[in-house]
>>> print(open('model35.cif').read())   # mmCIF, C-alpha atoms
data_start
#
loop_
_atom_site.group_PDB
_atom_site.id
_atom_site.type_symbol
_atom_site.label_atom_id
_atom_site.label_comp_id
_atom_site.auth_asym_id
_atom_site.auth_seq_id
_atom_site.Cartn_x
_atom_site.Cartn_y
_atom_site.Cartn_z
ATOM 1 C CA MET C 163 177.650 29.493 5.766
ATOM 2 C CA THR C 164 176.680 32.040 8.366
ATOM 3 C CA SER C 165 174.167 34.831 8.292
ATOM 4 C CA ASP C 166 175.348 38.364 7.602
ATOM 5 C CA PRO C 167 177.776 39.241 10.459
ATOM 6 C CA SER C 168 176.464 42.788 10.508
ATOM 7 C CA GLY C 169 173.302 41.392 12.098
ATOM 8 C CA TRP C 170 175.033 39.318 14.793
ATOM 9 C CA VAL C 171 175.099 42.000 17.466
ATOM 10 C CA ASP C 172 171.332 42.459 17.310
ATOM 11 C CA ALA C 173 170.606 38.747 16.929
ATOM 12 C CA TYR C 174 172.968 37.306 19.537
ATOM 13 C CA GLY C 175 174.655 40.108 21.479
ATOM 14 C CA ASP C 176 172.298 40.259 24.448
ATOM 15 C CA ARG C 177 172.045 36.498 24.885
ATOM 16 C CA LEU C 178 175.801 36.034 24.734
ATOM 17 C CA PHE C 179 176.212 38.924 27.163
ATOM 18 C CA ARG C 180 173.774 37.398 29.681
ATOM 19 C CA TYR C 181 175.553 34.062 29.383
ATOM 20 C CA ALA C 182 178.912 35.721 30.024
ATOM 21 C CA LEU C 183 177.671 37.990 32.797
ATOM 22 C CA SER C 184 176.224 35.056 34.710
ATOM 23 C CA ARG C 185 179.714 33.542 34.784
ATOM 24 C CA VAL C 186 182.053 36.488 35.388
ATOM 25 C CA ARG C 187 181.911 39.182 37.970
ATOM 26 C CA ASP C 188 181.553 42.412 36.083
ATOM 27 C CA GLU C 189 179.942 43.840 32.993
ATOM 28 C CA GLY C 190 183.240 44.963 31.473
ATOM 29 C CA ALA C 191 184.665 41.441 31.565
ATOM 30 C CA ALA C 192 181.411 40.078 30.113
ATOM 31 C CA GLU C 193 181.493 42.643 27.283
ATOM 32 C CA ASP C 194 185.106 41.713 26.536
ATOM 33 C CA LEU C 195 184.144 38.043 26.312
ATOM 34 C CA VAL C 196 181.295 38.839 23.913
ATOM 35 C CA GLN C 197 183.590 40.940 21.749
ATOM 36 C CA GLU C 198 186.267 38.223 21.639
ATOM 37 C CA THR C 199 183.574 35.670 20.807
ATOM 38 C CA LEU C 200 182.037 37.621 17.956
ATOM 39 C CA LEU C 201 185.436 38.449 16.473
ATOM 40 C CA ALA C 202 186.545 34.808 16.704
ATOM 41 C CA ALA C 203 183.287 33.761 15.025
ATOM 42 C CA PHE C 204 183.819 36.382 12.321
ATOM 43 C CA LYS C 205 187.328 35.112 11.605
ATOM 44 C CA SER C 206 186.250 31.476 11.450
ATOM 45 C CA ARG C 207 182.844 31.973 9.771
ATOM 46 C CA ASP C 208 183.967 30.071 6.664
ATOM 47 C CA ARG C 209 184.371 26.962 8.805
ATOM 48 C CA PHE C 210 180.823 27.089 10.207
ATOM 49 C CA LYS C 211 179.017 24.139 8.658
ATOM 50 C CA GLY C 212 175.539 24.834 9.954
ATOM 51 C CA GLU C 213 175.389 21.595 11.938
ATOM 52 C CA SER C 214 174.118 23.583 14.907
ATOM 53 C CA SER C 215 172.464 26.958 15.217
ATOM 54 C CA GLU C 216 174.682 30.017 15.026
ATOM 55 C CA LEU C 217 173.853 30.805 18.643
ATOM 56 C CA THR C 218 174.965 27.336 19.769
ATOM 57 C CA TRP C 219 178.167 27.690 17.743
ATOM 58 C CA MET C 220 178.908 31.103 19.242
ATOM 59 C CA THR C 221 178.077 29.920 22.752
ATOM 60 C CA GLY C 222 180.658 27.160 22.293
ATOM 61 C CA ILE C 223 183.236 29.776 21.326
ATOM 62 C CA LEU C 224 182.242 31.872 24.334
ATOM 63 C CA ARG C 225 182.649 28.883 26.667
ATOM 64 C CA ASN C 226 186.182 28.319 25.400
ATOM 65 C CA LYS C 227 186.976 32.006 25.928
ATOM 66 C CA LEU C 228 185.618 31.730 29.469
ATOM 67 C CA PHE C 229 187.777 28.673 30.232
ATOM 68 C CA GLU C 230 190.828 30.503 28.837
ATOM 69 C CA LEU C 231 190.042 33.438 31.133
ATOM 70 C CA TYR C 232 189.731 31.185 34.173
ATOM 71 C CA ARG C 233 193.013 29.457 33.346
ATOM 72 C CA ARG C 234 194.752 32.817 33.027
ATOM 73 C CA GLN C 235 193.277 33.969 36.323
ATOM 74 C CA ALA C 236 194.314 30.722 38.009
ATOM 75 C CA LYS C 237 197.905 31.264 36.846
ATOM 76 C CA GLU C 238 197.984 34.930 37.778
ATOM 77 C CA VAL C 239 196.360 34.501 41.186
ATOM 78 C CA PRO C 240 196.558 30.878 42.369
ATOM 79 C CA LEU C 241 193.732 29.892 44.679
ATOM 80 C CA LEU C 242 194.929 30.081 48.243
ATOM 81 C CA SER C 243 193.232 29.147 51.448
ATOM 82 C CA SER C 244 192.241 32.784 51.865
ATOM 83 C CA ASP C 245 190.156 32.483 48.682
ATOM 84 C CA GLU C 246 188.072 29.753 50.199
ATOM 85 C CA ASP C 247 186.563 31.910 52.933
ATOM 86 C CA ALA C 248 186.165 30.688 56.462
ATOM 87 C CA ASP C 249 185.481 27.061 57.177
ATOM 88 C CA PRO C 250 181.709 26.504 57.143
ATOM 89 C CA GLN C 251 181.812 24.673 60.453
ATOM 90 C CA SER C 252 181.170 27.669 62.670
ATOM 91 C CA GLU C 253 179.038 29.480 60.122
ATOM 92 C CA PHE C 254 176.453 26.744 59.632
ATOM 93 C CA PHE C 255 176.886 24.110 62.334
ATOM 94 C CA ASP C 256 177.267 23.735 66.050
ATOM 95 C CA ALA C 257 178.994 20.624 67.361
ATOM 96 C CA ARG C 258 176.886 18.150 65.324
ATOM 97 C CA HIS C 259 173.793 19.820 63.928
ATOM 98 C CA TRP C 260 172.694 22.790 61.882
ATOM 99 C CA LYS C 261 172.579 26.034 63.791
ATOM 100 C CA ALA C 262 168.996 27.179 64.124
ATOM 101 C CA ALA C 263 169.572 30.283 62.011
ATOM 102 C CA ALA C 264 171.345 28.318 59.275
ATOM 103 C CA ALA C 265 169.093 25.262 59.140
ATOM 104 C CA PRO C 266 167.563 24.729 55.710
ATOM 105 C CA ARG C 267 163.928 25.908 55.442
ATOM 106 C CA ASP C 268 161.091 24.558 53.407
ATOM 107 C CA TRP C 269 161.288 26.181 49.953
ATOM 108 C CA GLY C 270 157.535 26.113 49.512
ATOM 109 C CA GLY C 271 155.439 25.014 46.597
ATOM 110 C CA GLU C 272 156.886 24.359 43.155
ATOM 111 C CA PRO C 273 160.530 25.245 43.811
ATOM 112 C CA ALA C 274 161.498 23.386 40.613
ATOM 113 C CA ARG C 275 159.481 25.806 38.497
ATOM 114 C CA LYS C 276 161.048 28.735 40.298
ATOM 115 C CA ALA C 277 164.509 27.302 39.646
ATOM 116 C CA GLU C 278 163.819 27.582 35.915
ATOM 117 C CA SER C 279 162.777 31.229 36.048
ATOM 118 C CA ALA C 280 164.623 34.383 35.075
ATOM 119 C CA GLU C 281 164.157 35.426 38.699
ATOM 120 C CA PHE C 282 166.309 32.460 39.729
ATOM 121 C CA SER C 283 169.027 33.435 37.245
ATOM 122 C CA ASP C 284 169.113 36.954 38.657
ATOM 123 C CA ALA C 285 169.210 35.740 42.251
ATOM 124 C CA LEU C 286 171.915 33.185 41.453
ATOM 125 C CA ARG C 287 174.077 35.861 39.827
ATOM 126 C CA ARG C 288 173.744 38.119 42.864
ATOM 127 C CA CYS C 289 174.528 35.240 45.213
ATOM 128 C CA LEU C 290 177.555 34.213 43.109
ATOM 129 C CA ASP C 291 178.831 37.783 43.336
ATOM 130 C CA ALA C 292 178.915 37.427 47.110
ATOM 131 C CA LEU C 293 181.234 34.394 46.977
ATOM 132 C CA SER C 294 185.006 34.622 46.878
ATOM 133 C CA ALA C 295 186.434 34.379 43.367
ATOM 134 C CA GLY C 296 187.755 30.845 43.624
ATOM 135 C CA VAL C 297 184.605 29.425 45.150
ATOM 136 C CA ALA C 298 182.462 31.126 42.497
ATOM 137 C CA ARG C 299 184.637 29.895 39.616
ATOM 138 C CA ALA C 300 184.500 26.331 40.899
ATOM 139 C CA PHE C 301 180.706 26.482 40.962
ATOM 140 C CA VAL C 302 180.476 28.025 37.490
ATOM 141 C CA LEU C 303 182.711 25.409 35.890
ATOM 142 C CA ARG C 304 181.089 22.433 37.559
ATOM 143 C CA GLU C 305 177.417 23.389 37.849
ATOM 144 C CA MET C 306 176.837 25.955 35.138
ATOM 145 C CA GLU C 307 179.236 24.694 32.480
ATOM 146 C CA GLY C 308 178.881 21.060 33.450
ATOM 147 C CA LEU C 309 182.601 20.271 33.337
ATOM 148 C CA GLU C 310 183.575 16.936 34.825
ATOM 149 C CA PRO C 311 185.390 17.345 38.157
ATOM 150 C CA ASP C 312 188.819 16.515 36.719
ATOM 151 C CA ALA C 313 188.427 19.108 33.968
ATOM 152 C CA ALA C 314 187.118 21.744 36.385
ATOM 153 C CA ALA C 315 190.020 21.108 38.762
ATOM 154 C CA GLU C 316 192.500 21.359 35.906
ATOM 155 C CA ALA C 317 191.006 24.659 34.712
ATOM 156 C CA LEU C 318 191.273 26.074 38.227
ATOM 157 C CA GLY C 319 194.754 24.704 38.835
ATOM 158 C CA VAL C 320 193.689 22.793 41.954
ATOM 159 C CA SER C 321 193.465 19.157 43.057
ATOM 160 C CA ARG C 322 190.206 17.172 43.016
ATOM 161 C CA GLY C 323 190.144 17.332 46.806
ATOM 162 C CA HIS C 324 190.521 21.104 46.782
ATOM 163 C CA LEU C 325 187.766 21.375 44.172
ATOM 164 C CA ALA C 326 185.455 19.342 46.415
ATOM 165 C CA VAL C 327 186.081 21.796 49.261
ATOM 166 C CA LEU C 328 185.382 24.783 47.013
ATOM 167 C CA LEU C 329 182.172 23.225 45.686
ATOM 168 C CA TYR C 330 180.936 22.308 49.151
ATOM 169 C CA ARG C 331 181.397 25.892 50.321
ATOM 170 C CA ALA C 332 179.782 27.261 47.189
ATOM 171 C CA ARG C 333 176.730 25.023 47.561
ATOM 172 C CA LEU C 334 176.257 25.785 51.241
ATOM 173 C CA ARG C 335 176.490 29.533 50.741
ATOM 174 C CA LEU C 336 174.444 29.674 47.558
ATOM 175 C CA ARG C 337 171.756 27.518 49.142
ATOM 176 C CA ARG C 338 171.431 29.916 52.056
ATOM 177 C CA CYS C 339 171.613 33.032 49.868
ATOM 178 C CA LEU C 340 168.965 31.730 47.455
ATOM 179 C CA GLU C 341 166.752 30.783 50.380
ATOM 180 C CA LYS C 342 166.956 34.272 51.828
ATOM 181 C CA SER C 343 166.556 36.109 48.549
ATOM 182 C CA LEU C 344 164.158 33.929 46.591
ATOM 183 C CA PHE C 345 162.769 30.727 48.034
ATOM 184 C CA ALA C 346 161.900 31.614 51.623
ATOM 185 C CA PRO C 347 162.587 35.318 52.193
ATOM 186 C CA GLU C 348 159.784 35.583 54.756
ATOM 187 C CA ALA C 349 161.506 32.976 56.953
ATOM 188 C CA ALA C 350 164.688 35.036 56.926
ATOM 189 C CA ALA C 351 162.908 38.282 57.740
ATOM 190 C CA MET U 228 172.457 8.903 67.597
ATOM 191 C CA SER U 229 176.157 9.591 68.085
ATOM 192 C CA PHE U 230 176.999 6.575 65.917
ATOM 193 C CA LEU U 231 175.524 8.472 62.994
ATOM 194 C CA PRO U 232 177.508 11.103 61.079
ATOM 195 C CA SER U 233 176.872 14.739 61.996
ATOM 196 C CA CYS U 234 174.831 17.124 59.838
ATOM 197 C CA ARG U 235 178.064 18.780 58.780
ATOM 198 C CA ASP U 236 179.560 15.486 57.631
ATOM 199 C CA VAL U 237 176.357 14.487 55.882
ATOM 200 C CA SER U 238 176.071 17.778 53.998
ATOM 201 C CA ARG U 239 179.686 17.366 52.862
ATOM 202 C CA HIS U 240 179.001 13.792 51.732
ATOM 203 C CA LEU U 241 175.939 14.998 49.813
ATOM 204 C CA SER U 242 178.011 17.615 48.011
ATOM 205 C CA GLU U 243 180.751 15.117 47.183
ATOM 206 C CA ALA U 244 178.219 12.570 45.937
ATOM 207 C CA LEU U 245 176.952 15.102 43.405
ATOM 208 C CA ASP U 246 180.418 15.092 41.842
ATOM 209 C CA SER U 247 181.525 11.507 42.315
ATOM 210 C CA GLY U 248 178.245 9.862 41.362
ATOM 211 C CA ARG U 249 178.911 7.314 44.066
ATOM 212 C CA PRO U 250 175.923 6.107 46.093
ATOM 213 C CA LEU U 251 175.490 7.399 49.619
ATOM 214 C CA GLY U 252 176.725 5.185 52.420
ATOM 215 C CA MET U 253 174.387 3.410 54.784
ATOM 216 C CA HIS U 254 175.064 5.750 57.716
ATOM 217 C CA VAL U 255 174.392 8.814 55.588
ATOM 218 C CA ARG U 256 171.143 7.311 54.319
ATOM 219 C CA LEU U 257 170.100 6.459 57.835
ATOM 220 C CA HIS U 258 170.871 9.995 58.956
ATOM 221 C CA LEU U 259 168.693 11.298 56.136
ATOM 222 C CA THR U 260 165.734 9.235 57.262
ATOM 223 C CA LEU U 261 165.944 10.948 60.653
ATOM 224 C CA CYS U 262 166.960 14.505 59.705
ATOM 225 C CA GLU U 263 164.569 16.758 57.803
ATOM 226 C CA ALA U 264 167.133 19.573 57.459
ATOM 227 C CA CYS U 265 169.610 17.326 55.649
ATOM 228 C CA ARG U 266 166.849 15.918 53.423
ATOM 229 C CA ARG U 267 166.070 19.484 52.437
ATOM 230 C CA VAL U 268 169.730 20.164 51.691
ATOM 231 C CA LEU U 269 169.888 17.114 49.449
ATOM 232 C CA ALA U 270 166.872 18.321 47.462
ATOM 233 C CA GLN U 271 168.056 21.928 47.395
ATOM 234 C CA PHE U 272 171.583 21.095 46.171
ATOM 235 C CA ALA U 273 169.993 19.179 43.289
ATOM 236 C CA LEU U 274 167.573 22.010 42.572
ATOM 237 C CA ILE U 275 170.385 24.568 42.475
ATOM 238 C CA ARG U 276 172.274 22.343 40.027
ATOM 239 C CA HIS U 277 169.206 22.101 37.820
ATOM 240 C CA GLY U 278 168.600 25.847 37.848
ATOM 241 C CA ALA U 279 172.252 26.785 37.400
ATOM 242 C CA SER U 280 172.656 24.616 34.309
ATOM 243 C CA ARG U 281 170.001 26.588 32.435
ATOM 244 C CA ALA U 282 171.022 29.578 30.365
ATOM 245 C CA PRO U 283 169.479 32.829 31.603
ATOM 246 C CA ASP U 284 166.661 33.855 29.277
ATOM 247 C CA ALA U 285 166.234 37.350 30.645
ATOM 248 C CA GLY U 286 168.355 39.939 32.338
ATOM 249 C CA PRO U 287 170.736 42.757 31.505
ATOM 250 C CA SER U 288 171.546 43.669 27.918
ATOM 251 C CA LEU U 289 174.752 44.746 26.254
ATOM 252 C CA SER U 290 175.250 48.476 26.650
ATOM 253 C CA ALA U 291 174.461 50.705 23.666
ATOM 254 C CA GLY U 292 178.121 51.705 23.518
ATOM 255 C CA ALA U 293 179.302 48.114 23.360
ATOM 256 C CA LYS U 294 176.760 47.305 20.660
ATOM 257 C CA ALA U 295 177.863 50.261 18.565
ATOM 258 C CA ARG U 296 181.521 49.279 18.934
ATOM 259 C CA LEU U 297 180.805 45.682 17.962
ATOM 260 C CA ARG U 298 178.711 46.713 14.977
ATOM 261 C CA ARG U 299 181.650 48.781 13.708
ATOM 262 C CA LEU U 300 184.016 45.828 14.184
ATOM 263 C CA LEU U 301 181.731 43.421 12.347
ATOM 264 C CA GLY U 302 180.340 45.785 9.753
#
>>> encode(input="model35.cif", output="structure tokens")
Amino acid sequence: MTSDPSGWVDAYGDRLFRYALSRVRDEGAAEDLVQETLLAAFKSRDRFKGESSELTWMTGILRNKLFELYRRQAKEVPLLSSDEDADPQSEFFDARHWKAAAAPRDWGGEPARKAESAEFSDALRRCLDALSAGVARAFVLREMEGLEPDAAAEALGVSRGHLAVLLYRARLRLRRCLEKSLFAPEAAA
Amino acid sequence: MSFLPSCRDVSRHLSEALDSGRPLGMHVRLHLTLCEACRRVLAQFALIRHGASRAPDAGPSLSAGAKARLRRLLG
């Protein structure tokens, strides 16, 4: 038994929207996901048994909608080498070591607390926006949705080896972007 | 130190270990004892994973237009 659906938009709309927006690239796509989620919940509300909160139930529906979207995108535009951006070798490393400008800095005191802040979520979303689509989707599925590598690779239509390449590039670039924008901006100035 | 893997190889191994769950090899661990930059990368990759797995608790809201449309659909 669910609560009155007429109250769902006010109760859950913004949280579902933030969840979606942190995983897709534009507000229109995030709004579409929220709409599809709420309508799917409305249609299946008789099956909701109350074993979790309504928000958890709806977030599960939203996740499935997100995976469906990624699968559609993977079929429509298969990930090609051009989606992976340039090889990080020249961007981050010289022959063996980190380039001075790309070498990881000290992230200062209490980085773990900062990583749990709304500020981090905002910075991560901006940094994800700067990645190519395939690299960003790989990171979302693996690190934000917590899919196992095989499942993430299947959703993206790539091999495990290709997924590893995408994730490596995502982590390197997000690490540097977060450092510049949040954790050590003074070092980058 | 040329018998040790390069920083590039180590950073790639660190990323792959996050997904495979396999322990780091001896040469990678030895490199880490000598290389502060790669130790930072190890910690920062883990920190990014921790932060990314948390749902955002603040940020943009649904537009008023979208809310009105959804209220009509659910009303």
>>> interface_residues(input="model35.cif", of="chain U", to="chain C", cutoff="8 Å", atoms="all atoms listed in the file", output="ChimeraX atom specification")
/U:233-235,239,242-243,246,264-265,267-268,271-272,274-289,293-294,297-298,300-302
>>> residues_around(input="model35.cif", residues="Asp208 of chain C", least_positions_apart="3", cutoff="10 Å", atoms="all atoms listed in the file", output="PyMOL selection string")
chain C and resi 163-164+203-205+211
>>> atom_distance(input="model35.cif", atom1="atom CA of Ala300 of chain C", atom2="atom CA of Arg249 of chain U")
20.1 Å
>>> residues_around(input="model35.cif", residues="Ala202 of chain C", least_positions_apart="5", cutoff="10 Å", atoms="all atoms listed in the file", output="count of residues only")
7
>>> closest_residue(input="model35.cif", among="U:Arg299, U:Gly292, U:Ser238, U:Leu231", to="Met253 of chain U", atoms="all atoms listed in the file")
U:Leu231
>>> atom_distance(input="model35.cif", atom1="atom CA of Cys339 of chain C", atom2="atom CA of Cys289 of chain C")
5.9 Å
>>> atom_distance(input="model35.cif", atom1="atom CA of Leu217 of chain C", atom2="atom CA of Tyr174 of chain C")
6.6 Å
>>> residues_near_point(input="model35.cif", point="(168.1, 9.8, 54.0)", cutoff="12 Å", atoms="only C-alpha atoms", output="list in words")
Leu231, Pro232, Cys234, Val237, Ser238, His240, Leu241, Pro250, Leu251, Gly252, Met253, His254, Val255, Arg256, Leu257, His258, Leu259, Thr260, Leu261, Cys262, Glu263, Ala264, Cys265, Arg266, Arg267, Val268, Leu269 and Ala270 of chain U
>>> axis_aligned_box(input="model35.cif", around="segment 287-296 of chain U", padding_each_side="3 Å", output="lines of an AutoDock Vina configuration file")
center_x = 176.1
center_y = 47.2
center_z = 25.0
size_x = 16.8
size_y = 14.9
size_z = 18.9
